[in-house]
file target-v6.txt (compact mmCIF, C-alpha atoms)
# COMPACT_ATOMS: atom_id res chain seq x y z
CA MET R 1 87.97 86.55 109.47
CA LYS R 2 88.77 84.05 112.21
CA VAL R 3 90.69 84.83 115.38
CA LYS R 4 91.97 82.20 117.79
CA THR R 5 94.15 82.81 120.83
CA GLN R 6 96.44 80.47 122.70
CA MET R 7 98.51 81.44 125.74
CA GLU R 8 102.20 80.53 125.80
CA GLY R 9 103.01 81.43 129.41
CA ASP R 10 102.32 85.15 129.67
CA ILE R 11 102.37 85.62 125.88
CA ALA R 12 99.11 85.71 123.92
CA VAL R 13 99.52 84.19 120.47
CA VAL R 14 96.64 85.42 118.33
CA HIS R 15 96.11 83.46 115.12
CA VAL R 16 94.35 85.50 112.47
CA SER R 17 93.08 83.99 109.25
CA GLY R 18 90.97 85.12 106.34
CA LYS R 19 90.37 88.64 105.11
CA LEU R 20 91.93 91.50 107.04
CA MET R 21 90.37 94.39 105.18
CA GLY R 22 88.87 96.67 107.80
CA GLY R 23 85.23 97.18 108.66
CA PRO R 24 83.35 94.55 110.65
CA GLU R 25 85.77 91.86 109.44
CA SER R 26 88.63 93.19 111.54
CA GLU R 27 86.48 93.88 114.61
CA ASN R 28 87.06 90.29 115.75
CA MET R 29 90.78 90.92 116.02
CA ARG R 30 90.42 94.32 117.68
CA ASN R 31 87.89 92.99 120.20
CA GLU R 32 90.06 90.00 121.05
CA ILE R 33 93.14 92.16 121.68
CA LYS R 34 91.03 94.55 123.76
CA ARG R 35 89.73 91.65 125.86
CA LEU R 36 93.25 90.33 126.41
CA ILE R 37 94.53 93.78 127.41
CA GLU R 38 91.68 94.05 129.92
CA ASP R 39 92.75 90.64 131.26
CA GLY R 40 96.19 92.07 131.92
CA VAL R 41 98.12 90.53 129.02
CA LYS R 42 101.17 92.60 128.03
CA LYS R 43 102.89 90.44 125.41
CA PHE R 44 101.28 89.71 122.07
CA VAL R 45 102.19 87.73 118.97
CA ILE R 46 99.85 88.09 116.02
CA ASN R 47 100.31 85.15 113.66
CA LEU R 48 99.28 86.20 110.14
CA HIS R 49 99.86 82.78 108.59
CA GLY R 50 96.28 82.64 107.32
CA VAL R 51 96.24 86.15 105.85
CA PRO R 52 97.62 86.28 102.28
CA TRP R 53 97.01 90.00 101.79
CA ILE R 54 95.53 93.03 103.48
CA ASN R 55 94.36 96.42 102.25
CA SER R 56 95.05 99.83 103.76
CA THR R 57 91.94 99.52 105.92
CA GLY R 58 93.24 96.24 107.32
CA LEU R 59 96.58 97.92 107.81
CA GLY R 60 94.72 100.58 109.79
CA ALA R 61 93.20 97.85 111.96
CA LEU R 62 96.68 96.50 112.68
CA MET R 63 97.83 100.02 113.54
CA ALA R 64 94.88 100.46 115.90
CA VAL R 65 95.73 97.19 117.65
CA TYR R 66 99.40 98.17 117.86
CA THR R 67 98.46 101.53 119.40
CA SER R 68 96.14 99.86 121.95
CA VAL R 69 98.91 97.51 123.05
CA GLN R 70 101.41 100.37 123.26
CA ARG R 71 99.01 102.42 125.39
CA SER R 72 98.68 99.51 127.80
CA GLU R 73 102.49 99.49 128.04
CA GLY R 74 102.59 96.14 126.30
CA SER R 75 104.51 94.79 123.32
CA LEU R 76 103.34 93.30 120.05
CA THR R 77 105.17 91.36 117.39
CA LEU R 78 104.00 89.78 114.14
CA CYS R 79 104.95 86.50 112.52
CA HIS R 80 104.31 84.62 109.27
CA VAL R 81 103.90 87.91 107.41
CA SER R 82 103.34 87.18 103.70
CA ASP R 83 105.58 88.75 101.08
CA ARG R 84 102.71 90.96 99.93
CA ILE R 85 101.99 92.25 103.42
CA GLN R 86 105.72 92.77 103.97
CA SER R 87 105.80 94.81 100.75
CA LEU R 88 102.88 96.89 102.00
CA PHE R 89 104.77 97.59 105.24
CA MET R 90 107.77 98.65 103.18
CA ILE R 91 105.75 100.94 100.89
CA THR R 92 104.01 102.62 103.82
CA LYS R 93 107.24 102.86 105.83
CA LEU R 94 105.74 100.77 108.63
CA LEU R 95 108.56 98.22 108.66
CA THR R 96 110.17 100.30 111.38
CA ILE R 97 106.97 100.20 113.46
CA PHE R 98 106.09 96.52 113.26
CA ASP R 99 108.46 93.95 114.69
CA THR R 100 108.17 90.88 112.45
CA HIS R 101 109.52 87.32 112.69
CA PRO R 102 109.48 84.47 110.19
CA SER R 103 108.03 81.93 112.63
CA GLU R 104 105.81 81.84 115.70
CA LYS R 105 108.63 80.23 117.69
CA GLU R 106 111.00 83.08 116.89
CA ALA R 107 108.33 85.65 117.72
CA ILE R 108 107.73 84.04 121.13
CA GLU R 109 111.45 83.78 121.82
CA SER R 110 111.87 87.49 121.03
CA PHE R 111 110.09 88.22 124.33
CA LYS R 112 112.54 86.15 126.37
CA MET A 1 106.82 89.99 75.84
CA PRO A 2 106.14 89.55 72.14
CA ASP A 3 103.67 86.70 72.64
CA ALA A 4 101.55 88.31 75.38
CA PRO A 5 98.00 88.84 74.12
CA SER A 6 95.90 91.97 74.35
CA GLY A 7 92.38 92.17 75.67
CA THR A 8 89.80 93.90 77.81
CA GLU A 9 87.40 92.74 80.48
CA GLU A 10 84.84 94.70 82.48
CA VAL A 11 83.02 93.62 85.62
CA VAL A 12 80.24 95.33 87.56
CA LEU A 13 80.37 94.62 91.27
CA PRO A 14 78.25 95.41 94.33
CA SER A 15 79.61 97.89 96.89
CA GLU A 16 80.91 95.24 99.25
CA LEU A 17 84.43 94.54 100.48
CA GLU A 18 83.79 90.86 99.79
CA VAL A 19 84.51 91.59 96.12
CA LEU A 20 88.19 92.22 96.94
CA ASP A 21 89.11 88.54 96.65
CA SER A 22 87.89 88.43 93.06
CA ILE A 23 89.67 91.73 92.32
CA ASP A 24 92.88 90.20 93.65
CA GLN A 25 92.53 87.09 91.48
CA SER A 26 91.47 88.96 88.33
CA THR A 27 94.29 91.49 88.64
CA LEU A 28 96.87 88.75 89.05
CA LYS A 29 95.43 86.91 86.05
CA TYR A 30 95.34 89.88 83.66
CA SER A 31 98.71 91.23 84.82
CA ARG A 32 100.27 87.87 84.02
CA LEU A 33 98.53 87.87 80.64
CA ALA A 34 100.26 91.20 80.01
CA GLY A 35 103.57 89.48 80.68
CA ILE A 36 104.11 91.14 84.05
CA ASP A 37 106.16 89.07 86.50
CA ASP A 38 104.53 87.55 89.58
CA ASP A 39 106.07 89.92 92.14
CA THR A 40 105.00 92.99 90.17
CA ALA A 41 101.58 91.46 89.52
CA GLY A 42 101.17 91.09 93.30
CA MET A 43 101.92 94.79 93.72
CA VAL A 44 99.45 95.71 90.97
CA ALA A 45 96.84 93.63 92.80
CA ILE A 46 97.57 95.60 95.99
CA ALA A 47 96.91 98.85 94.09
CA ALA A 48 93.71 97.51 92.49
CA ILE A 49 92.47 96.35 95.91
CA GLU A 50 93.10 99.87 97.25
CA ALA A 51 91.21 101.48 94.36
CA VAL A 52 88.20 99.22 94.85
CA THR A 53 88.34 99.61 98.65
CA ASN A 54 88.15 103.39 98.16
CA ALA A 55 85.30 103.02 95.66
CA VAL A 56 83.30 100.81 98.04
CA LEU A 57 83.96 102.61 101.33
CA HIS A 58 84.30 106.24 100.25
CA GLY A 59 82.92 106.65 96.73
CA ASN A 60 79.79 104.58 97.23
CA ALA A 61 79.84 104.83 101.05
CA ALA A 62 79.28 101.05 101.21
CA CYS A 63 75.76 101.61 99.87
CA GLY A 64 74.49 98.23 98.73
CA GLY A 65 72.44 99.67 95.88
CA LYS A 66 75.45 101.28 94.21
CA GLU A 67 77.89 99.61 91.86
CA VAL A 68 81.61 99.59 91.19
CA ARG A 69 82.78 99.10 87.59
CA VAL A 70 86.23 97.66 87.03
CA ARG A 71 87.77 97.51 83.58
CA TYR A 72 90.99 95.71 82.75
CA GLU A 73 92.94 96.43 79.59
CA TRP A 74 96.08 94.42 78.98
CA GLU A 75 98.60 94.39 76.16
CA PRO A 76 102.14 93.13 75.88
CA GLY A 77 104.06 94.64 78.78
CA ARG A 78 101.30 96.84 80.18
CA ILE A 79 98.09 96.68 82.20
CA THR A 80 95.57 99.46 82.77
CA ILE A 81 92.86 99.15 85.40
CA THR A 82 89.96 101.58 85.59
CA VAL A 83 87.75 101.67 88.70
CA HIS A 84 84.55 103.71 88.62
CA ASP A 85 82.21 104.49 91.50
CA GLU A 86 79.12 106.65 91.93
CA GLY A 87 80.65 109.10 94.41
CA LYS A 88 81.33 112.80 93.97
CA GLY A 89 85.06 112.45 94.53
CA PHE A 90 87.27 114.41 96.87
CA ASP A 91 89.89 117.12 96.97
CA LEU A 92 93.19 115.45 96.07
CA SER A 93 95.12 118.35 97.58
CA CYS A 94 93.66 117.46 100.98
CA VAL A 95 95.05 113.92 100.98
CA PRO A 96 97.79 113.86 103.66
CA ASP A 97 101.15 112.15 103.33
CA PRO A 98 100.84 109.03 105.53
CA THR A 99 104.63 108.80 105.87
CA ASP A 100 104.75 112.20 107.57
CA PRO A 101 106.09 111.47 111.10
CA GLU A 102 103.00 113.14 112.57
CA ARG A 103 100.72 110.86 110.53
CA CYS A 104 102.64 107.59 110.55
CA MET A 105 100.62 106.08 113.40
CA ALA A 106 97.27 106.99 111.87
CA SER A 107 94.87 104.13 111.28
CA SER A 108 93.66 105.46 107.90
CA GLY A 109 94.68 107.55 104.90
CA ARG A 110 97.16 105.28 103.10
CA GLY A 111 95.14 104.05 100.10
CA ILE A 112 96.01 106.69 97.50
CA TYR A 113 99.60 106.80 98.67
CA ILE A 114 99.89 103.03 98.15
CA MET A 115 98.41 103.25 94.63
CA ARG A 116 100.83 106.01 93.66
CA GLU A 117 103.84 104.16 95.07
CA VAL A 118 102.98 100.91 93.30
CA MET A 119 101.76 102.03 89.87
CA ASP A 120 103.48 103.97 87.08
CA SER A 121 100.54 106.35 86.85
CA VAL A 122 97.36 107.02 88.83
CA GLU A 123 94.80 109.44 87.42
CA PHE A 124 91.52 110.61 88.91
CA GLU A 125 88.46 111.98 87.11
CA MET A 126 85.72 113.32 89.36
CA SER A 127 82.26 114.56 88.52
CA ASN A 128 79.22 115.31 90.68
CA GLU A 129 76.99 113.83 87.98
CA LEU A 130 79.10 110.98 86.58
CA GLY A 131 80.94 109.71 89.65
CA THR A 132 84.64 109.13 90.19
CA THR A 133 87.03 107.17 88.02
CA VAL A 134 90.58 106.21 88.91
CA THR A 135 92.85 104.83 86.21
CA LEU A 136 95.89 102.80 87.22
CA MET A 137 98.65 101.88 84.77
CA LYS A 138 101.67 99.66 85.18
CA SER A 139 104.31 98.60 82.68
CA ALA A 140 106.41 95.48 82.99
call {"tool": "encode", "arguments": {"input": "target-v6.txt", "output": "structure tokens"}}
result
Amino acid sequence: MKVKTQMEGDIAVVHVSGKLMGGPESENMRNEIKRLIEDGVKKFVINLHGVPWINSTGLGALMAVYTSVQRSEGSLTLCHVSDRIQSLFMITKLLTIFDTHPSEKEAIESFK
Amino acid sequence: MPDAPSGTEEVVLPSELEVLDSIDQSTLKYSRLAGIDDDTAGMVAIAAIEAVTNAVLHGNAACGGKEVRVRYEWEPGRITITVHDEGKGFDLSCVPDPTDPERCMASSGRGIYIMREVMDSVEFEMSNELGTTVTLMKSA
């Protein structure tokens, strides 16, 4: 799994691509968010454009990241969520937890 | 789906999460052969990925020397997927409801729930000697 971050003002846009299926694969994402929190970032967009599907373990990694951001009194939103991931959110009743947007632009604008 | 063919296919895989991509592709392929529409096939693939994730991480405890057997059986309008690991199984009555408000923020414990929500039936067979088998069935 690849993780790449770009700053849009005070918003960290974290591009995730590849397999988000828990274990060491998702450590990259968790470590990157942790580093950004330690740097004082409060606003996060995770762009899942490069992630066609996730499993429940990957879902758990997203939950862990969400919880870390919440604990730091920050906010997190997701964008480019595939239909299959959206279905998984619906099945697990997490649609009410995760704020999702169709595009990165809309996700960034949601903070303004 | 009168023209959908019937068939079976079995694969033996190492206990590695890297196999999930091939599980995804195979499940989509055989679901479509059963005449299942693309959206439903995607959901079946989600369930199959969960079953194999459980087999790798919990059943075989990600032990490289152990194997996961996956069998696909398809016929017009129906697919059955059987996933077997070498683990002793678990107590199904101890699996919590991940949608319980007290559990909804948990970072684990959603796999079996997802399988049951997606498939028409999910059956477990567990044996200390023979391992654990989960059978997933979905009709079009």
call {"tool": "atom_distance", "arguments": {"input": "target-v6.txt", "atom1": "atom CA of R:Asn47", "atom2": "atom CA of R:Asn31"}}
result
16.1 Å
call {"tool": "closest_residue", "arguments": {"input": "target-v6.txt", "among": "R:Met90, R:Val3, R:Leu59, R:Val51", "to": "R:Glu32", "atoms": "all atoms listed in the file"}}
result
R:Val3
call {"tool": "residues_around", "arguments": {"input": "target-v6.txt", "residues": "A:Gly89", "least_positions_apart": "6", "cutoff": "9 Å", "atoms": "all atoms listed in the file", "output": "number ranges by chain"}}
result
A: 58-59, 124-128, 131-133
call {"tool": "closest_residue", "arguments": {"input": "target-v6.txt", "among": "A:Val12, A:Leu130, A:Ile49, A:Leu92", "to": "A:Arg71", "atoms": "only C-alpha atoms"}}
result
A:Val12
call {"tool": "atom_distance", "arguments": {"input": "target-v6.txt", "atom1": "atom CA of R:Lys42", "atom2": "atom CA of A:Ala106"}}
result
22.0 Å
call {"tool": "closest_residue", "arguments": {"input": "target-v6.txt", "among": "A:Gly109, A:Pro76, A:Pro14, A:Gly65", "to": "chain R", "atoms": "all atoms listed in the file"}}
result
A:Gly109
call {"tool": "interface_residues", "arguments": {"input": "target-v6.txt", "of": "chain A", "to": "chain R", "cutoff": "7 Å", "atoms": "only C-alpha atoms", "output": "compact mmCIF listing (two decimals) with C-alpha atoms, in the frame of the given file"}}
result
# COMPACT_ATOMS: atom_id res chain seq x y z
CA GLY A 42 101.17 91.09 93.30
CA ILE A 49 92.47 96.35 95.91
CA GLU A 50 93.10 99.87 97.25
CA THR A 99 104.63 108.80 105.87
CA MET A 105 100.62 106.08 113.40
CA SER A 107 94.87 104.13 111.28
CA SER A 108 93.66 105.46 107.90
CA ARG A 110 97.16 105.28 103.10
CA GLY A 111 95.14 104.05 100.10
CA ILE A 114 99.89 103.03 98.15
CA GLU A 117 103.84 104.16 95.07
call {"tool": "atom_distance", "arguments": {"input": "target-v6.txt", "atom1": "atom CA of R:Pro52", "atom2": "atom CA of R:Val16"}}
result
10.7 Å
call {"tool": "residues_around", "arguments": {"input": "target-v6.txt", "residues": "R:Val45", "least_positions_apart": "2", "cutoff": "8 Å", "atoms": "only C-alpha atoms", "output": "number ranges by chain"}}
result
R: 11-14, 43, 47, 76-79, 104, 107-108
call {"tool": "closest_residue", "arguments": {"input": "target-v6.txt", "among": "A:Cys104, A:Ala47, A:Leu13, A:Val19", "to": "A:His84", "atoms": "only C-alpha atoms"}}
result
A:Leu13
call {"tool": "residues_around", "arguments": {"input": "target-v6.txt", "residues": "A:Leu33", "least_positions_apart": "2", "cutoff": "8 Å", "atoms": "all atoms listed in the file", "output": "list in words"}}
result
Ala4, Pro5, Ser6, Lys29, Tyr30, Ser31, Gly35, Ile36, Trp74, Glu75 and Pro76 of chain A
call {"tool": "write_last_selection", "arguments": {"input": "target-v6.txt", "atoms": "C-alpha atoms", "output": "CSV table (one decimal), in the frame of the given file"}}
result
chain,number,residue,atom,x,y,z
A,4,ALA,CA,101.6,88.3,75.4
A,5,PRO,CA,98.0,88.8,74.1
A,6,SER,CA,95.9,92.0,74.4
A,29,LYS,CA,95.4,86.9,86.0
A,30,TYR,CA,95.3,89.9,83.7
A,31,SER,CA,98.7,91.2,84.8
A,35,GLY,CA,103.6,89.5,80.7
A,36,ILE,CA,104.1,91.1,84.0
A,74,TRP,CA,96.1,94.4,79.0
A,75,GLU,CA,98.6,94.4,76.2
A,76,PRO,CA,102.1,93.1,75.9
